[in-house]
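Asker: Following this message is one structure expressed as structure tokens.
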Amino acid sequence: MNDILFGCIQCGRCTGGCPVSVRSALNIRKLIYRSLIKIKNKSKDLGIWECTTCSTCSIRCPKGVDVVDYIIDLRSDEIERGKVQPQVRDTLESVFKFGNPWGRIREKRADWLEGNGVRILQPGDKTRFLYFVGCTPCYDTRTQEIARAMVRVLKTASCDFAILGIQETCCGNEVKRMGEVGLFEMLVEENTKLFKKFDIGTFFTTSPHCFNTFKNEYIDLDFVIEHYTTLINRFIKEGRIEPRGKFEKRVVFHDPCFLGKQNDIYEEPRELLRSVPGIELFEFERSRERSLCCEGGGGRMWVETESDEERLAVTRVKDAAVLEVDVIATACPFCLLTLEDAVKTSNLEDSIKVMDIVEILDEALGLKDEEERVPEYQNTRSSDSKQSQ
Amino acid sequence: MTKDIFVIVEHRRGEVRDITFELLTKGYELSRDRGKLLAVLLGFQNEKIIDKLKPFAETILNIDDERLKEFNAEYYQIVLSNLLQEKKPFITLLGQTAFGIDFAPSLSTAIDLPYSSDCLDLEIENDTVFTERQIYGGKINSRISLAENWGYLVSVRPGSIAPRDVELVAEVVDVSSPIKEDIDYRKFMQYVEAAKGEVDITQSEVVIGIGRGIKEDKNLSMMEDFAKSIGGVLACSRPVVDAGWLTKDRQVGSSGKTVKPKLYIAVGISGAFQHVMGMKGADTIVAINKDPNAPIFTVANYGIVGDLLQVIPKLNEKITELKGA
Amino acid sequence: MNIAVCIKRVPETAEAAVNIDSSEKHIIPDQLVFDINEADNYALEEALLLREKTEGDITLFTVGSKESDEVIKMGLAKGATRGVRITPENLDNLDAYAVAKLLAEQVKEGNFDLILTGCISSDVGNSQVGVTLAELLGIPHATLVIKMGIEDGFATVQRELEGGLLEELKIKLPALFTIQTGINEPRYASILGIKRAAQKELRVIENITAEGMKAEVVKMYYPPVGKMAEILEGGVEEVSGKLCEILKGKGLL
């Protein structure tokens with residue numbers, strides 16, 4: 001058992017703030033109580049796989065107990081015994097074999113580029129900025145749009161940036177939170193070794209999840225690590241990107257847990273949105289440190305919930321509908337997918353759109369249309385990418 | 001010396017299985033200018049089966065024994081190892097089926113016959129036997145040669161040979177059963193029918209088959225919606241049943257059901273032959289898959305190379321529009 | 001009860017392109033990712049589940065290169081007792097019979113009550129090794145097993161036949177079964193578990209030459225491009241529209 005739990009005074013603030021406790025068996029206070037008096041915990045009854053590792057509990061704990069780490073430990077026990085949900089098994093095996101959780105082969109990792117020219121780093125290369133795309137925007141067709149928007153926006157900043165192409169491998173943030181410690185350590189080692197082959201100035205990510213683990217959990221990286229919102233916001237302030245055009249919509253920003261709660265980045269995404277002409281920016285009642293988790297973190301993209309209660313993403317979308325916004329903006333591929341799914345299940349597809357901030361910027365700048373007007377632009381098919389590597 | 005071709009007859013519950021006629025077609029072709037085509041029938045009270053076989057073989061070797069009523073690899077091996085060693089046929093053909101898989105490897109080992117399994121075709125060149133096989137999920141073919149011997153065993157993949165009527169009249173030769181005593185180490189107990197579900201996929205005119213490409217069970221509801229709006233039923237390939245997403249009675253393929261709908265839409269199905277076996281008789285086949293090299297596109301009439309998560313909702317939308325109009 | 005499980009390391013080729021090398025007798029393995037053969041993984045799980053009910057050892061056998069240690073270690077991490085890797089000098093041109101013979105030499109010493117293996121390998125798919133091994137060991141077998149129960153020295157198994165029909169057999173142990181996929185839900189092997197498994201016994205049989213091959217690969221080739229579907233071209237919107245028109249034209253909508 002975890003020594004740190006002895007600090008617990010059973011005040012219950014953790015459970016009170018836990019977004020999934022209202023809709024699942026997860027009751028953190030009880031979980032700790034049972035551990036302290038050494039009742040063997042049966043995970044299934046206690047909902048440890050419901051946790052999204054959003055960290056609200058740890059932030060609220062007056063005694064500084066790291067509750068999330070304890071839940072991850074409990075998951076690790078199950079991982080070591082091997083009896084986990086098939087989806088969890090398949091996800092982890094996929095990361096081990098292919099370097100991504102989506103079961104897709106490495107050769108197709110850069111297919112999202114669709115023939116667009118972006119420099120792919122080769123060993124020994126130097127780059128001012130390295131764009132770490134992340135597994136989901138590399139393979140998932142919806143979030144590939146984010147990566148393509150990112151490339152278009154970065155090109156207007158005329159900065160020297162590059163990507164890793166098919167060399168890129170899962171960051172391990174979710175792997176760690178699913179309790180697969182060994183696999184996480186392996187990824188840290190391999191990624192660190194890979195990054196050392198290049199001379200990187202600033203390293204930035206699409207996803208706050210990748211950002212979080214590279215920034216806080218990799219110990220041996222010698223370059224600046226940022227989430228793209230801070231980087232692009234700076235570019236705008238420096239005048240390297242000039243948000244022209246218009247985006248005349250009512251927009252509410254949904255704080256990704258791994259950007260806000262876990263890394264204190266609240267202002268930059270809002271500043272970025274405000275800099276786009278035409279946007280009328282709204283706030284959820286629960287925002288910033290009180291923001292409601294979308295349930296996409298902590299491996300929950302691959303864990304089926306046992307609960308039939310309303311999903312938090314649906315709650316979030318309904319709140320947005322009350323605000324009568326046109327767009328829910330976020331800055332995380334997982335948030336985007338879970339919220340977009342919730343928009344569909346709530347039958348709000350005609351009134352609410354979910355967009356990543358960089359997609360909004362891209363649209364305001366009119367970059368996508370511009371690209372489509374270029375006559376020689378061609379959609380090259382996926383299977384060719386192997387030869388080009 | 002004549003070089004005869006033997007075909008091991010496959011039957012179950014009194015019915016001759018289709019593979020037998022496919023093998024007899026190939027056997028007839030191979031036996032011309034070489035020798036005779038003989039059907040080897042192991043069973044009990046075989047009259048009805050013999051009637052069915054007569055037009056397809058020159059000779060039927062009939063082994064009638066109560067212990068051969070149901071298939072049992074152990075009894076088959078006793079009978080066939082005797083018969084093959086005595087008659088020395090040049091090639092013995094059987095099906096790569098639950099029946100052939102279960103007795104051919106041990107038979108070939110017991111009497112030292114070179115054996116090539118799961119073949120799409122075979123050729124004889126200067127007395128050397130060559131077989132054609134599919135490997136790596138149909139992405140590569142291989143040509144196999146068998147070591148020189150008096151005879152060879154070849155199992156053929158069901159559905160790879162189109163059966164033809166050869167209009168023969170077989171002579172029936174009774175062969176006495178060499179089985180001396182009952183075997184106690186392998187006993188047939190009973191047939192068990194897979195549990196029946198609510199929907200009979202063989203009765204629907206439109207069948208939507210889903211495969212491994214579905215990735216997550218949460219995408220099932222999208223597929224159900226789609227099946228509903230197009231007026232079809234949801235069926236699947238084996239991995240979907242293995243994952244527990246649909247029940248066994250929805251499985252299309254060699255170990256599942258055979259469907260012959262007017263329209264079959266294969267979604268996220270690569271097209272392994274086991275699946276193709278069960279749906280290739282559909283009038284119109286549409287395949288949606290993100291791998292442009294997926295073998296399913298060689299079976300389909302129309303193909304869409306793309307992500308099913310994008311294509312299906314859009315298709316659903318268009319169909320709903322069309323039907324509404 | 002002592003159980004032997006025969007497993008194989010195979011490439012994952014569901015999505016990957018498979019290329020043939022210049023000898024035209026082998027594929028190029030460089031770009032491919034390897035794993036335990038799918039059906040073998042179910043066989044291994046079946047052994048582990050049985051061992052949870054009865055005492056005994058599980059021994060893993062494989063015929064393959066040094067890299068096959070990966071799948072042995074994965075099996076050891078899941079709970080197998082020991083592994084045996086057989087690497088003959090002429091590994092590259094074995095046929096199914098030769099593989100079974102190599103296995104038989106090792107397995108026969110082990111006094112096993114039960115031998116399990118997958119019903120088919122996803123690479124060359126002969127479905128021969130298991131049954132050939134049973135014959136070489138002189139024990140009964142059943143293939144395509146989708147359900148299994150053991151009592152008083154006998155196994156009651158269900159075999160999967162065609163058309164959703166099953167066949168129930170009673171078979172005396174020792175016996176060999178080839179396991180069909182879907183019989184259970186294979187567990188996960190953690191990376192730490194795999195690292196710890198390095199301490200378990202892994203016997204390597206080398207410096208031997210396999211004999212008795214009866215089937216030889218003359219050449220490998222890419223399947224001829226036969227009939228191909230008419231591939232609808234365009235974006236999602238466009239192809240969806242085209243398909244609807246086609247289906248409508250055929251009276252299928």
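Chain identifiers are assigned as A, B, and so on, following the order in which chains appear in the structure tokens; residues are numbered from 1 within each chain, and ligands are numbered from 1 in order of appearance.
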Starting from chain A, keep only residues with some atom at most 10 Å from an atom of chain C, counting only C-alpha atoms, and report them as a count of residues only.
Answerer: 35
Asker: Please find the residues of chain C near chain B - the criterion being any atom within 6 Å, counting only C-alpha atoms - and write them as a PyMOL selection string.
Answerer: chain C and resi 123-124+126+128+131-132+135+143+161-172+182+214-223+227-232+236+240
Asker: Write out, as a JSON list (two decimals), in the first residue's frame, the residues just selected, with N, CA and C atoms.
Answerer:
```
[["chain", "number", "residue", "atom", "x", "y", "z"],
["C", 123, "ASP", "N", 0.57, -16.93, -40.98],
["C", 123, "ASP", "CA", 1.53, -16.69, -42.07],
["C", 123, "ASP", "C", 1.33, -17.68, -43.22],
["C", 124, "VAL", "N", 1.70, -18.95, -43.02],
["C", 124, "VAL", "CA", 1.57, -19.88, -44.14],
["C", 124, "VAL", "C", 0.30, -20.74, -44.06],
["C", 126, "ASN", "N", -0.90, -23.68, -42.95],
["C", 126, "ASN", "CA", -1.04, -25.07, -43.39],
["C", 126, "ASN", "C", -2.05, -25.87, -42.57],
["C", 128, "GLN", "N", -1.27, -27.98, -40.32],
["C", 128, "GLN", "CA", -0.75, -29.35, -40.34],
["C", 128, "GLN", "C", 0.03, -29.74, -39.09],
["C", 131, "VAL", "N", -1.68, -31.71, -35.84],
["C", 131, "VAL", "CA", -2.14, -33.09, -36.06],
["C", 131, "VAL", "C", -0.97, -34.02, -36.39],
["C", 132, "THR", "N", 0.00, -33.51, -37.16],
["C", 132, "THR", "CA", 1.19, -34.31, -37.46],
["C", 132, "THR", "C", 1.94, -34.64, -36.17],
["C", 135, "GLU", "N", 0.28, -37.41, -34.32],
["C", 135, "GLU", "CA", 0.56, -38.70, -34.95],
["C", 135, "GLU", "C", 1.97, -39.19, -34.58],
["C", 143, "THR", "N", -9.12, -31.13, -33.83],
["C", 143, "THR", "CA", -8.76, -29.82, -34.36],
["C", 143, "THR", "C", -9.92, -28.84, -34.17],
["C", 161, "LEU", "N", -17.38, -27.03, -36.85],
["C", 161, "LEU", "CA", -17.54, -27.50, -38.23],
["C", 161, "LEU", "C", -18.04, -26.33, -39.07],
["C", 162, "GLU", "N", -18.43, -26.61, -40.29],
["C", 162, "GLU", "CA", -18.92, -25.53, -41.15],
["C", 162, "GLU", "C", -20.36, -25.17, -40.81],
["C", 163, "GLY", "N", -20.74, -23.97, -41.22],
["C", 163, "GLY", "CA", -22.13, -23.55, -41.12],
["C", 163, "GLY", "C", -22.65, -23.39, -39.70],
["C", 164, "GLY", "N", -21.75, -23.09, -38.75],
["C", 164, "GLY", "CA", -22.20, -22.86, -37.38],
["C", 164, "GLY", "C", -22.50, -24.12, -36.60],
["C", 165, "LEU", "N", -22.19, -25.27, -37.18],
["C", 165, "LEU", "CA", -22.44, -26.55, -36.50],
["C", 165, "LEU", "C", -21.21, -26.95, -35.68],
["C", 166, "LEU", "N", -21.46, -27.53, -34.50],
["C", 166, "LEU", "CA", -20.36, -28.00, -33.66],
["C", 166, "LEU", "C", -20.48, -29.51, -33.51],
["C", 167, "GLU", "N", -19.34, -30.12, -33.20],
["C", 167, "GLU", "CA", -19.30, -31.56, -33.02],
["C", 167, "GLU", "C", -18.67, -31.83, -31.65],
["C", 168, "GLU", "N", -19.36, -32.61, -30.82],
["C", 168, "GLU", "CA", -18.81, -32.89, -29.49],
["C", 168, "GLU", "C", -18.12, -34.25, -29.48],
["C", 169, "LEU", "N", -16.90, -34.26, -28.97],
["C", 169, "LEU", "CA", -16.12, -35.50, -28.92],
["C", 169, "LEU", "C", -15.64, -35.75, -27.50],
["C", 170, "LYS", "N", -15.43, -37.04, -27.20],
["C", 170, "LYS", "CA", -14.81, -37.38, -25.93],
["C", 170, "LYS", "C", -13.47, -38.04, -26.26],
["C", 171, "ILE", "N", -12.41, -37.49, -25.73],
["C", 171, "ILE", "CA", -11.07, -37.94, -26.12],
["C", 171, "ILE", "C", -10.22, -38.25, -24.89],
["C", 172, "LYS", "N", -9.55, -39.38, -24.95],
["C", 172, "LYS", "CA", -8.74, -39.82, -23.82],
["C", 172, "LYS", "C", -7.41, -39.06, -23.79],
["C", 182, "GLY", "N", -11.27, -17.36, -30.31],
["C", 182, "GLY", "CA", -12.57, -17.05, -29.70],
["C", 182, "GLY", "C", -12.96, -17.97, -28.56],
["C", 214, "LYS", "N", 9.16, -32.78, -47.14],
["C", 214, "LYS", "CA", 8.48, -33.37, -48.30],
["C", 214, "LYS", "C", 7.82, -32.30, -49.18],
["C", 215, "ALA", "N", 7.78, -31.10, -48.68],
["C", 215, "ALA", "CA", 7.19, -30.02, -49.47],
["C", 215, "ALA", "C", 8.18, -28.86, -49.52],
["C", 216, "GLU", "N", 8.35, -28.31, -50.70],
["C", 216, "GLU", "CA", 9.35, -27.25, -50.85],
["C", 216, "GLU", "C", 8.73, -26.06, -51.57],
["C", 217, "VAL", "N", 9.04, -24.87, -51.08],
["C", 217, "VAL", "CA", 8.56, -23.67, -51.76],
["C", 217, "VAL", "C", 9.42, -23.49, -53.02],
["C", 218, "VAL", "N", 8.80, -23.55, -54.18],
["C", 218, "VAL", "CA", 9.54, -23.33, -55.42],
["C", 218, "VAL", "C", 9.72, -21.84, -55.62],
["C", 219, "LYS", "N", 8.61, -21.12, -55.45],
["C", 219, "LYS", "CA", 8.73, -19.66, -55.47],
["C", 219, "LYS", "C", 7.49, -18.99, -54.89],
["C", 220, "MET", "N", 7.72, -17.78, -54.44],
["C", 220, "MET", "CA", 6.63, -16.95, -53.99],
["C", 220, "MET", "C", 6.38, -15.87, -55.04],
["C", 221, "TYR", "N", 5.15, -15.47, -55.19],
["C", 221, "TYR", "CA", 4.85, -14.41, -56.16],
["C", 221, "TYR", "C", 3.63, -13.63, -55.69],
["C", 222, "TYR", "N", 3.48, -12.45, -56.26],
["C", 222, "TYR", "CA", 2.33, -11.63, -55.88],
["C", 222, "TYR", "C", 1.10, -12.15, -56.61],
["C", 223, "PRO", "N", -0.03, -12.20, -55.94],
["C", 223, "PRO", "CA", -1.22, -12.75, -56.58],
["C", 223, "PRO", "C", -1.53, -11.97, -57.85],
["C", 227, "LYS", "N", -9.98, -10.04, -61.24],
["C", 227, "LYS", "CA", -11.14, -9.16, -61.28],
["C", 227, "LYS", "C", -11.00, -8.17, -60.12],
["C", 228, "MET", "N", -11.17, -6.90, -60.42],
["C", 228, "MET", "CA", -11.11, -5.92, -59.35],
["C", 228, "MET", "C", -12.42, -5.16, -59.27],
["C", 229, "ALA", "N", -12.76, -4.74, -58.09],
["C", 229, "ALA", "CA", -13.95, -3.93, -57.93],
["C", 229, "ALA", "C", -13.76, -2.61, -58.67],
["C", 230, "GLU", "N", -14.85, -2.02, -59.11],
["C", 230, "GLU", "CA", -14.78, -0.67, -59.65],
["C", 230, "GLU", "C", -14.64, 0.26, -58.45],
["C", 231, "ILE", "N", -13.45, 0.85, -58.31],
["C", 231, "ILE", "CA", -13.20, 1.70, -57.15],
["C", 231, "ILE", "C", -13.77, 3.10, -57.43],
["C", 232, "LEU", "N", -14.67, 3.53, -56.56],
["C", 232, "LEU", "CA", -15.28, 4.85, -56.74],
["C", 232, "LEU", "C", -14.29, 5.91, -56.27],
["C", 236, "VAL", "N", -15.31, 11.85, -49.62],
["C", 236, "VAL", "CA", -16.34, 11.07, -48.94],
["C", 236, "VAL", "C", -17.73, 11.40, -49.49],
["C", 240, "SER", "N", -19.92, 8.64, -51.66],
["C", 240, "SER", "CA", -21.20, 8.24, -51.06],
["C", 240, "SER", "C", -22.33, 8.48, -52.05]]
```
Asker: Which chain A residues are at most 9 Å from chain B (counting only C-alpha atoms), as a PDB file with C-alpha atoms, in the first residue's frame?
Answerer:
```
ATOM      1  CA  PRO A  86      -9.759  -6.622 -23.991  1.00  0.00           C
ATOM      2  CA  GLN A  87      -9.785  -3.081 -25.311  1.00  0.00           C
ATOM      3  CA  TRP A 102      -4.825   2.767 -32.568  1.00  0.00           C
ATOM      4  CA  GLY A 103      -3.635  -0.559 -33.985  1.00  0.00           C
ATOM      5  CA  THR A 141      -9.351  10.974 -39.772  1.00  0.00           C
ATOM      6  CA  ARG A 142     -11.204  13.710 -37.906  1.00  0.00           C
ATOM      7  CA  TRP A 302     -10.086   2.863 -24.724  1.00  0.00           C
ATOM      8  CA  GLU A 304     -15.685   1.235 -21.800  1.00  0.00           C
ATOM      9  CA  SER A 382      -1.538   6.582 -48.566  1.00  0.00           C
ATOM     10  CA  SER A 383       0.405   3.550 -49.701  1.00  0.00           C
TER      11      SER A 383
END
```
Asker: May I ask for the distance between CA of Gly209 (chain B) and CA of Phe334 (chain A), given in Å to one decimal place?
Answerer: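 Between CA of Gly209 (chain B) and CA of Phe334 (chain A) the gap works out to 28.8 Å.
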Asker: For the structure I just gave you, how does DSSP split region 58-278 of chain B - specifically, which residues are helix (DSSP H, G or I)? Reply as JSON, numbers by chain.
Answerer: {"B": [66, 67, 68, 73, 74, 75, 76, 77, 78, 79, 80, 81, 82, 83, 84, 85, 86, 87, 100, 101, 102, 103, 104, 105, 106, 107, 108, 109, 110, 136, 137, 138, 201, 202, 203, 212, 213, 214, 217, 218, 219, 220, 221, 222, 223, 224, 225, 226, 227, 228, 229, 230, 238, 239, 240, 241, 242, 248, 249, 250, 273, 274, 275, 276]}
Asker: Pull the strand (DSSP E or B) assignments for region 65-243 of chain B out of DSSP run on the backbone, and list those residues as a VMD selection string.
Answerer: chain B and resid 91 to 95 115 to 125 128 to 135 140 to 146 152 to 156 171 to 175 186 to 193 206 to 210 233 to 236
Asker: Could you tell me how far CA of Thr206 (chain A) lies from CA of Val325 (chain A), in Å and to one decimal?
Answerer: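 These atoms are spaced 24.2 Å apart.
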Asker: Counting only C-alpha atoms, what is within 12 Å of Leu103 (chain C), bar same-chain residues fewer than 6 positions away, as a PDB file with C-alpha atoms, in the first residue's frame?
Answerer:
```pdb
ATOM      1  CA  ALA C   4       2.691 -28.298 -23.526  1.00  0.00           C
ATOM      2  CA  VAL C   5       1.775 -25.366 -25.756  1.00  0.00           C
ATOM      3  CA  CYS C   6       3.326 -25.004 -29.204  1.00  0.00           C
ATOM      4  CA  ILE C   7       3.484 -21.415 -30.383  1.00  0.00           C
ATOM      5  CA  LYS C   8       4.885 -19.525 -33.334  1.00  0.00           C
ATOM      6  CA  LEU C  60       6.094 -23.605 -24.286  1.00  0.00           C
ATOM      7  CA  PHE C  61       7.701 -24.923 -27.447  1.00  0.00           C
ATOM      8  CA  THR C  62       8.564 -23.035 -30.576  1.00  0.00           C
ATOM      9  CA  VAL C  63      10.527 -23.704 -33.729  1.00  0.00           C
ATOM     10  CA  GLY C  64      12.050 -20.464 -34.911  1.00  0.00           C
ATOM     11  CA  VAL C  84      11.972 -24.422 -25.289  1.00  0.00           C
ATOM     12  CA  ARG C  85      13.141 -22.821 -28.502  1.00  0.00           C
ATOM     13  CA  ILE C  86      14.254 -25.118 -31.310  1.00  0.00           C
ATOM     14  CA  THR C  87      16.482 -23.512 -33.943  1.00  0.00           C
ATOM     15  CA  PRO C  88      17.761 -25.944 -36.564  1.00  0.00           C
ATOM     16  CA  ALA C  96       5.130 -28.432 -41.690  1.00  0.00           C
ATOM     17  CA  TYR C  97       6.200 -32.057 -41.330  1.00  0.00           C
ATOM     18  CA  GLU C 109      10.360 -36.375 -23.282  1.00  0.00           C
ATOM     19  CA  GLY C 110       8.018 -34.190 -21.293  1.00  0.00           C
ATOM     20  CA  ILE C 115      -0.660 -30.584 -25.798  1.00  0.00           C
ATOM     21  CA  THR C 117      -1.530 -25.397 -30.275  1.00  0.00           C
ATOM     22  CA  VAL C 129       1.742 -29.121 -37.494  1.00  0.00           C
ATOM     23  CA  GLY C 130      -0.594 -29.946 -34.610  1.00  0.00           C
ATOM     24  CA  VAL C 131      -2.142 -33.092 -36.061  1.00  0.00           C
ATOM     25  CA  THR C 132       1.188 -34.307 -37.464  1.00  0.00           C
ATOM     26  CA  LEU C 133       2.727 -33.874 -34.021  1.00  0.00           C
ATOM     27  CA  ALA C 134      -0.092 -35.911 -32.451  1.00  0.00           C
ATOM     28  CA  GLU C 135       0.562 -38.702 -34.954  1.00  0.00           C
ATOM     29  CA  LEU C 136       4.303 -38.661 -34.277  1.00  0.00           C
ATOM     30  CA  LEU C 137       3.613 -38.872 -30.546  1.00  0.00           C
ATOM     31  CA  ILE C 205      18.083 -26.490 -28.935  1.00  0.00           C
ATOM     32  CA  ALA C 210      15.914 -30.876 -39.620  1.00  0.00           C
TER      33      ALA C 210
END
```
Asker: Using only C-alpha atoms, which protein or nucleic acid residues come within 12 Å of Glu238 (chain A)? Drop anything in the same chain fewer than 6 positions from it, and give the result as a list in words.
Answerer: Ala157, Leu231 and Ile232 of chain A
Asker: For Pro208 (chain A), find every residue with an atom within 8 Å (counting only C-alpha atoms), except residues of its own chain fewer than 3 positions away, and show them as a VMD selection string.
Answerer: chain A and resid 205 211 to 212 227 256 258 to 259 331 to 332
Asker: Filtering to N, CA and C atoms, could you give me those residues as a tab-separated table (two decimals), in the first residue's frame?
Answerer:
```tsv
chain	number	residue	atom	x	y	z
A	205	THR	N	3.52	20.29	-29.11
A	205	THR	CA	2.62	19.18	-29.39
A	205	THR	C	1.22	19.67	-29.75
A	211	PHE	N	2.07	16.78	-24.37
A	211	PHE	CA	2.77	17.90	-23.73
A	211	PHE	C	3.04	17.61	-22.26
A	212	ASN	N	2.01	17.13	-21.58
A	212	ASN	CA	2.12	16.88	-20.14
A	212	ASN	C	3.24	15.90	-19.82
A	227	HIS	N	3.03	23.50	-25.35
A	227	HIS	CA	1.83	23.12	-26.06
A	227	HIS	C	1.65	24.15	-27.17
A	256	PRO	N	-9.08	21.78	-21.64
A	256	PRO	CA	-8.63	20.39	-21.50
A	256	PRO	C	-7.95	20.22	-20.13
A	258	PHE	N	-5.57	18.33	-19.12
A	258	PHE	CA	-4.12	18.23	-19.11
A	258	PHE	C	-3.43	19.53	-19.52
A	259	LEU	N	-4.20	20.49	-20.00
A	259	LEU	CA	-3.64	21.79	-20.31
A	259	LEU	C	-3.84	22.71	-19.10
A	331	ALA	N	-8.58	22.49	-27.25
A	331	ALA	CA	-7.21	22.42	-27.76
A	331	ALA	C	-6.62	21.06	-27.43
A	332	CYS	N	-7.42	20.04	-27.65
A	332	CYS	CA	-7.00	18.67	-27.33
A	332	CYS	C	-7.76	17.70	-28.23
```
Asker: Point out the residue among A:Pro243, A:Gly7, A:Gly47, A:Gly124 with the least atom-to-atom distance to Ser21 (chain A), counting only C-alpha atoms.
Answerer: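 Among A:Pro243, A:Gly7, A:Gly47, A:Gly124, it is A:Gly47 that comes nearest to Ser21 (chain A).
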Asker: Need the shell around Ile36 (chain C): protein/DNA/RNA residues with any atom at most 7 Å away, counting only C-alpha atoms. Skip same-chain ones fewer than 2 positions apart. Format as a PyMOL selection string?
Answerer: chain C and resi 7-10+38+40-41+71
Asker: How many Å lie between CA of Gly159 (chain B) and CA of Thr20 (chain B), rounded to one decimal?
Answerer: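 A separation of 10.7 Å between them.
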Asker: Point out the residue among C:Thr81, C:Val18, C:Ser65, C:Pro174 with the least atom-to-atom distance to Leu48 (chain C), counting only C-alpha atoms.
Answerer: C:Thr81
Asker: Skip Ser177 (chain B) itself and residues of its chain fewer than 5 positions away, then list as a PyMOL selection string all residues within 8 Å of it, counting only C-alpha atoms.
Answerer: chain B and resi 63-65+79
